[in-house]
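J.: Before I ask anything, here is the structure I am working with.
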Amino acid sequence: MAPSTMIGTMSQLSENMASGTRRRPIPDDLGRALLLALGPWRALAFSLHDAEGDTLWLSAGSIGPDEHGFVLAALDVFSLEPQRNCIHRKLDDGRRALFLAARDPLGGCTGIGFAIIEGGTVDDSRVVTPAVRALLQRFSMLLAPLGDKRPSQVAAAPDADDNARLDLPDNTPIRARAYMRLQPGGGTRRYEVSIAPVGAQHDAAVFERVVDWLAQHRQRYITKPSSFAISISAAAVFDRGFADRFEACLTRNGIDEGLVMLIVPAAAWSEQPERTQPLLELCERLHCRVILDDFVLNDAALKLLRSKAIRMLKLSSVLTTEAMQERYPRALLSACTHIARVLGIHCVAKRVESNTAGRWLAAAGVDYIDPFNASETDAAKTTDEAAPLQLVS
């Protein structure tokens with residue numbers, strides 16, 4: 001298929017599916033009700049976020065880079081520990097940050113409530129009251145795309161002994177969007193799958209469906225080399241069952257080298273790098289490339305960069321934001337892009353909110369902008385663009 005025909009097909013698919021993937025708006029009364037339910041804890045501010053960390057509702061003010069970093073860290077913990085519904089941490093000024101998980105029927109974290117409360121002891125069981133739990137369930141339902149018909153009851157957990165499969169409902173769309181290129185030149189068109197990771201078996205089901213689709217449509221990528229990145233949770237990184245299904249799927253389909261990439265979250269590679277190594281070694285053997293998400297320079301990062309499987313770094317949004325304002329983070333960003341260039345890998349910036357930021361990051365050596373939550377920068381408009389691509393329906 002010619003590139004122009006492929007892009008036209010992607011645009012048509014995007015238009016056809018747009019009405020089925022829109023989210024319901026988050027009503028003001030839901031946020032106010034949750035804020036009121038936290039009354040005993042004297043919440044000073046409250047916000048609601050989706051599984052990507054995007055702000056959907058605010059009681060007042062705005063979310064700064066530090067607060068946004070707290071939200072992303074809490075999302076990683078909720079993904080890694082599916083039994084948890086509440087997290088709190090003490091802030092430097094004596095107040096506390098409180099996080100509440102909204103979970104779908106399968107237990108995946110679909111969104112998060114974030115409150116700044118007065119200092120004092122926090123009892124998780126007293127915070128997550130039946131009223132709060134009901135409101136969080138309503139929030140989770142609103143996060144589902146319009147037309148989503150997922151089961152209303154929690155599915156039974158698969159038996160670990162018989163390796164049961166926990167597949168997605170057949171009507172759940174899987175879509176991908178191209179990264180926006182900042183640097184001049186052609187090369188591989190890079191996509192990222194838009195379904196958020198929620199757990200090992202769920203992530204394996206998404207991975208299998210994407211790879212099966214790619215195997216069935218491999219002729220599309222002969223004339224235009226492409227790469228598809230699939231996010232997985234920290235739980236999947238450490239899960240042997242995920243690794244087995246991952247290996248079996250790639251072996252069964254005979255996918256070309258570089259066509260598939262795994263996005264490994266910071267909660268896995270940064271906090272427990274020794275437990276990440278087995279999956280990296282498996283990816284290297286199977287020619288599946290790896291992206292380190294929320295990348296910052298630390299001891300764990302420097303050790304993992306020796307792996308030949310790692311081919312891309314998604315830079316921490318806190319680092320890229322602060323680099324435009326202060327010298328020290330600017331030096332760290334420069335070091336990241338230089339290391340990547342020497343190793344022959346790419347850097348991706350996330351949550352770019354202005355044309356000026358896009359141009360600045362391009363000059364700093366960043367190669368791509370994350371397709372989600374990014375504005376259309378001037379640099380991106382003049383290079384490689386693509387409409388969202390529906391992979392599986």
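Numbering starts fresh at 1 for the residues of each chain in the structure tokens, the chains themselves are lettered A, B, ... in the order given, and ligands are numbered from 1 as they appear.
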Could you produce a table of the residues of segment 72-108 of chain A lying within 12 Å of segment 262-265 of chain A, with the nearest pair of atoms per residue and their separation in Å rounded to one decimal, using only C-alpha atoms, ordered by chain and increasing residue number, as a tab-separated table?

T.:
```
residue	atom	partner	partner_atom	distance
A:Leu72	CA	A:Pro265	CA	10.3
A:Ala73	CA	A:Pro265	CA	10.1
A:Leu75	CA	A:Pro265	CA	10.4
A:Asp76	CA	A:Pro265	CA	7.5
A:Val77	CA	A:Pro265	CA	10.6
A:Ser79	CA	A:Pro265	CA	10.0
A:Leu80	CA	A:Pro265	CA	10.1
```

J.: Please dump the current selection as an mmCIF file, in the first residue's frame; keep N, CA and C atoms.

T.:
```cif
data_model
loop_
_atom_site.group_PDB
_atom_site.id
_atom_site.type_symbol
_atom_site.label_atom_id
_atom_site.label_comp_id
_atom_site.auth_asym_id
_atom_site.auth_seq_id
_atom_site.Cartn_x
_atom_site.Cartn_y
_atom_site.Cartn_z
ATOM 1 N N LEU A 72 1.848 11.477 38.715
ATOM 2 C CA LEU A 72 2.413 10.401 37.896
ATOM 3 C C LEU A 72 3.019 9.304 38.762
ATOM 4 N N ALA A 73 3.691 9.695 39.844
ATOM 5 C CA ALA A 73 4.279 8.708 40.750
ATOM 6 C C ALA A 73 3.188 7.869 41.415
ATOM 7 N N LEU A 75 0.203 7.230 40.205
ATOM 8 C CA LEU A 75 -0.360 6.336 39.185
ATOM 9 C C LEU A 75 0.493 5.083 39.029
ATOM 10 N N ASP A 76 1.811 5.259 39.082
ATOM 11 C CA ASP A 76 2.708 4.103 38.988
ATOM 12 C C ASP A 76 2.488 3.149 40.166
ATOM 13 N N VAL A 77 2.337 3.701 41.373
ATOM 14 C CA VAL A 77 2.131 2.859 42.551
ATOM 15 C C VAL A 77 0.801 2.117 42.447
ATOM 16 N N SER A 79 -0.751 1.248 39.811
ATOM 17 C CA SER A 79 -0.630 0.204 38.788
ATOM 18 C C SER A 79 0.144 -0.996 39.311
ATOM 19 N N LEU A 80 1.186 -0.713 40.099
ATOM 20 C CA LEU A 80 2.030 -1.776 40.628
ATOM 21 C C LEU A 80 1.341 -2.536 41.759
#
```

J.: Please extract the residues of segment 106-295 of chain A with a backbone DSSP assignment of strand (DSSP E or B) and present them as a short mmCIF file (atom, residue, chain, number, x, y, z; two decimals) with C-alpha atoms, in the first residue's frame.

T.:
```
data_model
loop_
_atom_site.label_atom_id
_atom_site.label_comp_id
_atom_site.auth_asym_id
_atom_site.auth_seq_id
_atom_site.Cartn_x
_atom_site.Cartn_y
_atom_site.Cartn_z
CA CYS A 109 -6.43 2.21 37.67
CA THR A 110 -8.33 4.38 35.18
CA GLY A 111 -7.94 7.67 36.98
CA ILE A 112 -6.92 9.38 40.16
CA GLY A 113 -8.20 11.97 42.63
CA PHE A 114 -5.54 14.27 44.13
CA ALA A 115 -6.07 16.40 47.24
CA ILE A 116 -3.86 18.70 49.25
CA ILE A 117 -4.96 18.41 52.88
CA PRO A 145 -15.04 5.86 26.02
CA ILE A 174 -7.03 -0.23 20.10
CA ARG A 175 -5.69 2.86 18.37
CA ALA A 176 -2.26 4.33 17.77
CA ARG A 177 -0.99 7.80 17.00
CA ALA A 178 2.27 8.82 15.38
CA MET A 180 5.55 14.13 16.08
CA ARG A 181 9.06 14.48 14.73
CA ARG A 189 7.32 6.36 11.44
CA ARG A 190 6.83 5.79 15.17
CA TYR A 191 3.45 5.09 16.75
CA GLU A 192 2.29 4.60 20.32
CA VAL A 193 -0.73 2.48 21.25
CA SER A 226 7.15 1.74 11.15
CA SER A 227 7.47 1.01 14.85
CA PHE A 228 4.65 0.50 17.37
CA ALA A 229 5.24 1.18 21.07
CA ILE A 230 3.03 -0.58 23.64
CA SER A 231 2.96 0.55 27.27
CA VAL A 260 7.32 -3.60 18.17
CA MET A 261 8.57 -1.71 21.24
CA LEU A 262 7.69 -2.00 24.94
CA ILE A 263 7.36 1.13 27.08
CA VAL A 264 8.66 0.28 30.56
CA ARG A 289 13.03 -2.82 21.45
CA VAL A 290 12.41 -1.01 24.73
CA ILE A 291 11.51 2.57 25.72
CA LEU A 292 12.27 3.78 29.25
CA ASP A 293 9.41 6.02 30.37
CA ASP A 294 9.79 9.10 32.62
CA PHE A 295 13.55 8.97 32.08
#
```

J.: Rounded to one decimal place, report the atom CA of Ala268 of chain A-atom CA of Gly241 of chain A distance in Å.

T.: 16.4 Å

J.: Just the number, please: distance in Å from atom CA of Ala131 of chain A to atom CA of Ala37 of chain A, one decimal.

T.: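 For atom CA of Ala131 of chain A relative to atom CA of Ala37 of chain A, the distance reads 7.1 Å.
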
J.: Using the chain letters and numbers from this document, which residues of segment 162-342 of chain A does DSSP assign to helix (DSSP H, G or I), as a VMD selection string?

T.: chain A and resid 200 to 216 218 to 221 234 to 238 240 to 253 266 to 269 273 to 286 299 to 304 317 to 323 327 to 342

J.: Name all residues at most 6 Å from segment 196-211 of chain A (count only C-alpha atoms; drop same-chain ones fewer than 3 positions away) and give them as a ChimeraX atom specification.

T.: /A:79,108,166-167,214,231-233,235-236,242

J.: So the first atom is atom CA of Ala267 of chain A and the second is atom CA of Lys90 of chain A; what is the distance between them in Å, to one decimal place?

T.: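 Straight-line distance from atom CA of Ala267 of chain A to atom CA of Lys90 of chain A works out to 19.7 Å.
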